>>> print(open('run_26.cif').read())   # mmCIF, N, CA and C atoms
data_protein
#
loop_
_atom_site.label_atom_id
_atom_site.label_comp_id
_atom_site.auth_asym_id
_atom_site.auth_seq_id
_atom_site.Cartn_x
_atom_site.Cartn_y
_atom_site.Cartn_z
N MET A 18 4.57 -13.73 -2.10
CA MET A 18 3.17 -14.10 -1.98
C MET A 18 2.36 -13.18 -2.90
N ASN A 19 1.47 -13.77 -3.65
CA ASN A 19 0.59 -12.97 -4.50
C ASN A 19 -0.82 -12.93 -3.89
N LYS A 20 -1.73 -12.24 -4.56
CA LYS A 20 -3.07 -12.03 -4.01
C LYS A 20 -3.80 -13.37 -3.81
N THR A 21 -3.68 -14.29 -4.74
CA THR A 21 -4.36 -15.58 -4.63
C THR A 21 -3.88 -16.36 -3.41
N THR A 22 -2.58 -16.36 -3.19
CA THR A 22 -2.01 -17.04 -2.03
C THR A 22 -2.46 -16.37 -0.74
N LEU A 23 -2.50 -15.04 -0.73
CA LEU A 23 -2.95 -14.31 0.44
C LEU A 23 -4.40 -14.63 0.76
N ILE A 24 -5.24 -14.70 -0.25
CA ILE A 24 -6.65 -15.05 -0.05
C ILE A 24 -6.77 -16.44 0.58
N ALA A 25 -5.98 -17.38 0.07
CA ALA A 25 -6.00 -18.74 0.62
C ALA A 25 -5.56 -18.74 2.09
N LYS A 26 -4.54 -17.96 2.44
CA LYS A 26 -4.07 -17.88 3.83
C LYS A 26 -5.14 -17.27 4.74
N ILE A 27 -5.79 -16.21 4.24
CA ILE A 27 -6.85 -15.56 5.03
C ILE A 27 -7.98 -16.55 5.27
N ALA A 28 -8.37 -17.27 4.23
CA ALA A 28 -9.45 -18.26 4.36
C ALA A 28 -9.08 -19.33 5.38
N GLU A 29 -7.85 -19.79 5.32
CA GLU A 29 -7.38 -20.85 6.23
C GLU A 29 -7.35 -20.38 7.69
N LYS A 30 -6.91 -19.16 7.92
CA LYS A 30 -6.75 -18.67 9.29
C LYS A 30 -8.03 -18.11 9.90
N SER A 31 -9.06 -17.87 9.09
CA SER A 31 -10.24 -17.19 9.63
C SER A 31 -11.54 -17.98 9.50
N ASP A 32 -11.47 -19.22 9.11
CA ASP A 32 -12.68 -20.04 8.93
C ASP A 32 -13.66 -19.43 7.93
N LEU A 33 -13.13 -18.76 6.92
CA LEU A 33 -13.95 -18.25 5.82
C LEU A 33 -13.66 -19.11 4.61
N ASN A 34 -14.61 -19.15 3.68
CA ASN A 34 -14.27 -19.81 2.43
C ASN A 34 -13.50 -18.81 1.57
N LYS A 35 -12.96 -19.27 0.45
CA LYS A 35 -12.10 -18.40 -0.36
C LYS A 35 -12.87 -17.21 -0.94
N LYS A 36 -14.12 -17.40 -1.28
CA LYS A 36 -14.92 -16.28 -1.82
C LYS A 36 -15.11 -15.21 -0.76
N GLN A 37 -15.40 -15.61 0.46
CA GLN A 37 -15.57 -14.64 1.55
C GLN A 37 -14.25 -13.94 1.87
N ALA A 38 -13.15 -14.71 1.87
CA ALA A 38 -11.84 -14.13 2.14
C ALA A 38 -11.46 -13.12 1.06
N GLU A 39 -11.76 -13.44 -0.19
CA GLU A 39 -11.48 -12.52 -1.30
C GLU A 39 -12.32 -11.25 -1.15
N ALA A 40 -13.58 -11.40 -0.78
CA ALA A 40 -14.45 -10.24 -0.58
C ALA A 40 -13.93 -9.37 0.56
N ALA A 41 -13.46 -9.99 1.63
CA ALA A 41 -12.92 -9.24 2.77
C ALA A 41 -11.64 -8.48 2.36
N LEU A 42 -10.76 -9.14 1.65
CA LEU A 42 -9.52 -8.50 1.20
C LEU A 42 -9.82 -7.35 0.25
N ASN A 43 -10.73 -7.57 -0.69
CA ASN A 43 -11.09 -6.51 -1.64
C ASN A 43 -11.74 -5.32 -0.92
N ALA A 44 -12.55 -5.62 0.08
CA ALA A 44 -13.18 -4.54 0.87
C ALA A 44 -12.11 -3.74 1.61
N PHE A 45 -11.11 -4.42 2.16
CA PHE A 45 -10.01 -3.73 2.84
C PHE A 45 -9.26 -2.83 1.87
N ILE A 46 -8.89 -3.37 0.72
CA ILE A 46 -8.14 -2.60 -0.27
C ILE A 46 -8.95 -1.39 -0.74
N ASP A 47 -10.24 -1.61 -1.02
CA ASP A 47 -11.11 -0.50 -1.46
C ASP A 47 -11.23 0.56 -0.39
N SER A 48 -11.38 0.14 0.86
CA SER A 48 -11.53 1.09 1.97
C SER A 48 -10.27 1.93 2.15
N VAL A 49 -9.11 1.31 2.09
CA VAL A 49 -7.86 2.05 2.22
C VAL A 49 -7.69 3.02 1.04
N THR A 50 -7.99 2.55 -0.17
CA THR A 50 -7.87 3.39 -1.36
C THR A 50 -8.79 4.60 -1.27
N GLU A 51 -10.05 4.39 -0.87
CA GLU A 51 -11.00 5.49 -0.74
C GLU A 51 -10.55 6.50 0.31
N ALA A 52 -10.04 6.01 1.43
CA ALA A 52 -9.56 6.91 2.48
C ALA A 52 -8.38 7.75 1.99
N LEU A 53 -7.46 7.13 1.27
CA LEU A 53 -6.30 7.87 0.75
C LEU A 53 -6.73 8.90 -0.28
N HIS A 54 -7.69 8.56 -1.13
CA HIS A 54 -8.21 9.53 -2.10
C HIS A 54 -8.85 10.71 -1.40
N ALA A 55 -9.45 10.47 -0.25
CA ALA A 55 -10.10 11.54 0.51
C ALA A 55 -9.09 12.34 1.33
N GLY A 56 -7.82 11.99 1.24
CA GLY A 56 -6.79 12.72 1.97
C GLY A 56 -6.60 12.27 3.40
N GLU A 57 -7.20 11.15 3.77
CA GLU A 57 -7.07 10.63 5.13
C GLU A 57 -5.86 9.71 5.25
N LYS A 58 -5.41 9.55 6.47
CA LYS A 58 -4.33 8.63 6.81
C LYS A 58 -4.99 7.39 7.41
N VAL A 59 -4.54 6.19 7.06
CA VAL A 59 -5.09 4.95 7.62
C VAL A 59 -4.05 4.36 8.56
N GLN A 60 -4.36 4.39 9.87
CA GLN A 60 -3.43 3.88 10.87
C GLN A 60 -3.97 2.62 11.50
N MET A 61 -3.15 1.59 11.55
CA MET A 61 -3.49 0.35 12.23
C MET A 61 -2.42 0.11 13.27
N MET A 62 -2.77 0.34 14.52
CA MET A 62 -1.80 0.23 15.62
C MET A 62 -1.15 -1.15 15.61
N GLY A 63 0.15 -1.15 15.72
CA GLY A 63 0.91 -2.40 15.74
C GLY A 63 1.25 -2.93 14.36
N PHE A 64 0.62 -2.38 13.31
CA PHE A 64 0.90 -2.85 11.95
C PHE A 64 1.58 -1.77 11.14
N GLY A 65 0.90 -0.62 10.96
CA GLY A 65 1.52 0.45 10.18
C GLY A 65 0.52 1.48 9.73
N THR A 66 1.02 2.42 8.92
CA THR A 66 0.23 3.55 8.45
C THR A 66 0.33 3.69 6.94
N PHE A 67 -0.82 3.83 6.30
CA PHE A 67 -0.89 4.14 4.88
C PHE A 67 -1.19 5.63 4.77
N GLU A 68 -0.47 6.34 3.91
CA GLU A 68 -0.77 7.75 3.69
C GLU A 68 -0.28 8.18 2.31
N ILE A 69 -0.70 9.38 1.92
CA ILE A 69 -0.28 9.96 0.64
C ILE A 69 0.82 10.97 0.91
N LYS A 70 1.89 10.90 0.15
CA LYS A 70 2.98 11.88 0.23
C LYS A 70 3.04 12.64 -1.08
N GLU A 71 3.41 13.90 -0.97
CA GLU A 71 3.56 14.75 -2.15
C GLU A 71 5.03 14.71 -2.58
N ARG A 72 5.25 14.50 -3.86
CA ARG A 72 6.61 14.59 -4.41
C ARG A 72 6.67 15.87 -5.24
N ALA A 73 7.65 16.70 -4.97
CA ALA A 73 7.81 17.95 -5.70
C ALA A 73 8.35 17.66 -7.11
N ALA A 74 8.10 18.61 -8.01
CA ALA A 74 8.67 18.52 -9.35
C ALA A 74 10.19 18.65 -9.22
N ARG A 75 10.91 17.97 -10.10
CA ARG A 75 12.36 18.03 -10.03
C ARG A 75 12.95 17.78 -11.42
N MET A 76 14.22 18.06 -11.53
CA MET A 76 14.91 17.81 -12.79
C MET A 76 15.58 16.44 -12.72
N GLY A 77 15.49 15.71 -13.81
CA GLY A 77 16.13 14.41 -13.91
C GLY A 77 16.91 14.33 -15.21
N ARG A 78 17.45 13.20 -15.50
CA ARG A 78 18.20 13.02 -16.75
C ARG A 78 17.70 11.77 -17.47
N ASN A 79 17.59 11.89 -18.78
CA ASN A 79 17.28 10.73 -19.61
C ASN A 79 18.53 9.87 -19.63
N PRO A 80 18.47 8.63 -19.14
CA PRO A 80 19.68 7.81 -19.07
C PRO A 80 20.26 7.46 -20.43
N ALA A 81 19.43 7.43 -21.46
CA ALA A 81 19.93 7.06 -22.79
C ALA A 81 20.70 8.21 -23.44
N THR A 82 20.20 9.45 -23.28
CA THR A 82 20.81 10.58 -23.97
C THR A 82 21.53 11.54 -23.04
N GLY A 83 21.25 11.48 -21.78
CA GLY A 83 21.87 12.39 -20.83
C GLY A 83 21.19 13.76 -20.79
N GLU A 84 20.13 13.93 -21.59
CA GLU A 84 19.42 15.21 -21.62
C GLU A 84 18.67 15.46 -20.32
N PRO A 85 18.70 16.70 -19.82
CA PRO A 85 17.89 17.00 -18.64
C PRO A 85 16.41 16.99 -19.00
N THR A 86 15.59 16.51 -18.09
CA THR A 86 14.15 16.46 -18.32
C THR A 86 13.45 16.76 -17.01
N GLU A 87 12.30 17.41 -17.10
CA GLU A 87 11.57 17.74 -15.89
C GLU A 87 10.66 16.57 -15.50
N ILE A 88 10.72 16.20 -14.23
CA ILE A 88 9.84 15.16 -13.70
C ILE A 88 8.74 15.88 -12.94
N ALA A 89 7.51 15.63 -13.31
CA ALA A 89 6.36 16.34 -12.74
C ALA A 89 6.13 15.98 -11.28
N ALA A 90 5.51 16.91 -10.56
CA ALA A 90 5.11 16.65 -9.18
C ALA A 90 4.01 15.59 -9.19
N LYS A 91 3.96 14.80 -8.12
CA LYS A 91 2.89 13.80 -8.05
C LYS A 91 2.64 13.39 -6.60
N ARG A 92 1.51 12.75 -6.40
CA ARG A 92 1.14 12.21 -5.09
C ARG A 92 1.33 10.70 -5.15
N ILE A 93 1.97 10.14 -4.12
CA ILE A 93 2.21 8.70 -4.10
C ILE A 93 1.74 8.10 -2.78
N PRO A 94 1.16 6.89 -2.83
CA PRO A 94 0.79 6.22 -1.59
C PRO A 94 2.04 5.62 -0.95
N THR A 95 2.11 5.70 0.38
CA THR A 95 3.24 5.12 1.10
C THR A 95 2.73 4.28 2.27
N PHE A 96 3.57 3.39 2.72
CA PHE A 96 3.27 2.58 3.91
C PHE A 96 4.46 2.67 4.83
N LYS A 97 4.21 2.99 6.09
CA LYS A 97 5.26 3.01 7.10
C LYS A 97 4.92 1.95 8.13
N ALA A 98 5.81 0.99 8.29
CA ALA A 98 5.58 -0.10 9.25
C ALA A 98 5.57 0.42 10.68
N GLY A 99 4.65 -0.11 11.48
CA GLY A 99 4.56 0.25 12.88
C GLY A 99 5.56 -0.51 13.72
N LYS A 100 5.74 -0.08 14.96
CA LYS A 100 6.73 -0.69 15.86
C LYS A 100 6.46 -2.18 16.07
N GLY A 101 5.21 -2.55 16.32
CA GLY A 101 4.89 -3.95 16.55
C GLY A 101 5.23 -4.83 15.36
N PHE A 102 4.98 -4.33 14.17
CA PHE A 102 5.27 -5.07 12.94
C PHE A 102 6.78 -5.17 12.74
N LYS A 103 7.50 -4.07 12.96
CA LYS A 103 8.97 -4.09 12.81
C LYS A 103 9.62 -5.05 13.80
N ASP A 104 9.07 -5.07 15.04
CA ASP A 104 9.66 -5.91 16.07
C ASP A 104 9.53 -7.40 15.77
N GLU A 105 8.63 -7.78 14.86
CA GLU A 105 8.47 -9.18 14.46
C GLU A 105 9.70 -9.70 13.73
N PHE A 106 10.50 -8.79 13.19
CA PHE A 106 11.65 -9.20 12.40
C PHE A 106 12.92 -8.90 13.14
#
>>> encode(input="run_26.cif", output="structure tokens")
Amino acid sequence: MNKTTLIAKIAEKSDLNKKQAEAALNAFIDSVTEALHAGEKVQMMGFGTFEIKERAARMGRNPATGEPTEIAAKRIPTFKAGKGFKDEF
């Protein structure tokens, strides 16, 4: 499913038109992104948790040459599914 299909599903299930559904989805995405930038965790009971994890710097290898190379530390967004969401499957 891509974003356009998701917008159509949201519109269908919520009695919104597609423009309103797109605005709602964009507002959700922006809100989660802003919270993660601020260092907050976004928890939705029964669905899951969005948070930022720190990855330490480490050594890797260039697959083409086999040379060791340093991979820089970075922050990555993660999603952990909640119990209610997992139980659906």
>>> residues_near_point(input="run_26.cif", point="(6.1, 3.4, 8.4)", cutoff="8 Å", atoms="only C-alpha atoms", output="VMD selection string")
chain A and resid 65 to 67 96 to 99
>>> select_by_dssp(input="run_26.cif", residues="chain A", states="alpha helix (DSSP H)", output="number ranges by chain")
A: 20-31, 35-54, 100-104
>>> atom_distance(input="run_26.cif", atom1="CA of Gln60 in chain A", atom2="CA of Ile46 in chain A")
13.7 Å
>>> resolve_selection(input="run_26.cif", expression="the PyMOL selection byres ((chain A and resi 73) around 6)", output="ChimeraX atom specification")
/A:71-72,74-75,89-91
>>> atom_distance(input="run_26.cif", atom1="atom C of Met62 in chain A", atom2="CA of Glu105 in chain A")
12.6 Å
>>> residues_around(input="run_26.cif", residues="Gly77 in chain A", least_positions_apart="2", cutoff="7 Å", atoms="only C-alpha atoms", output="ChimeraX atom specification")
/A:75,79,85-88
>>> atom_distance(input="run_26.cif", atom1="atom C of Gly56 in chain A", atom2="atom N of Lys70 in chain A")
9.2 Å
>>> resolve_selection(input="run_26.cif", expression="the PyMOL selection byres ((chain A and resi 69) around 6.5)", output="count of residues only")
11
>>> resolve_selection(input="run_26.cif", expression="the PyMOL selection byres ((chain A and resi 20-24) around 8)", output="PyMOL selection string")
chain A and resi 18-19+25-30+34-40+42
>>> select_by_dssp(input="run_26.cif", residues="chain A", states="strand (DSSP E)", output="count of residues only")
27
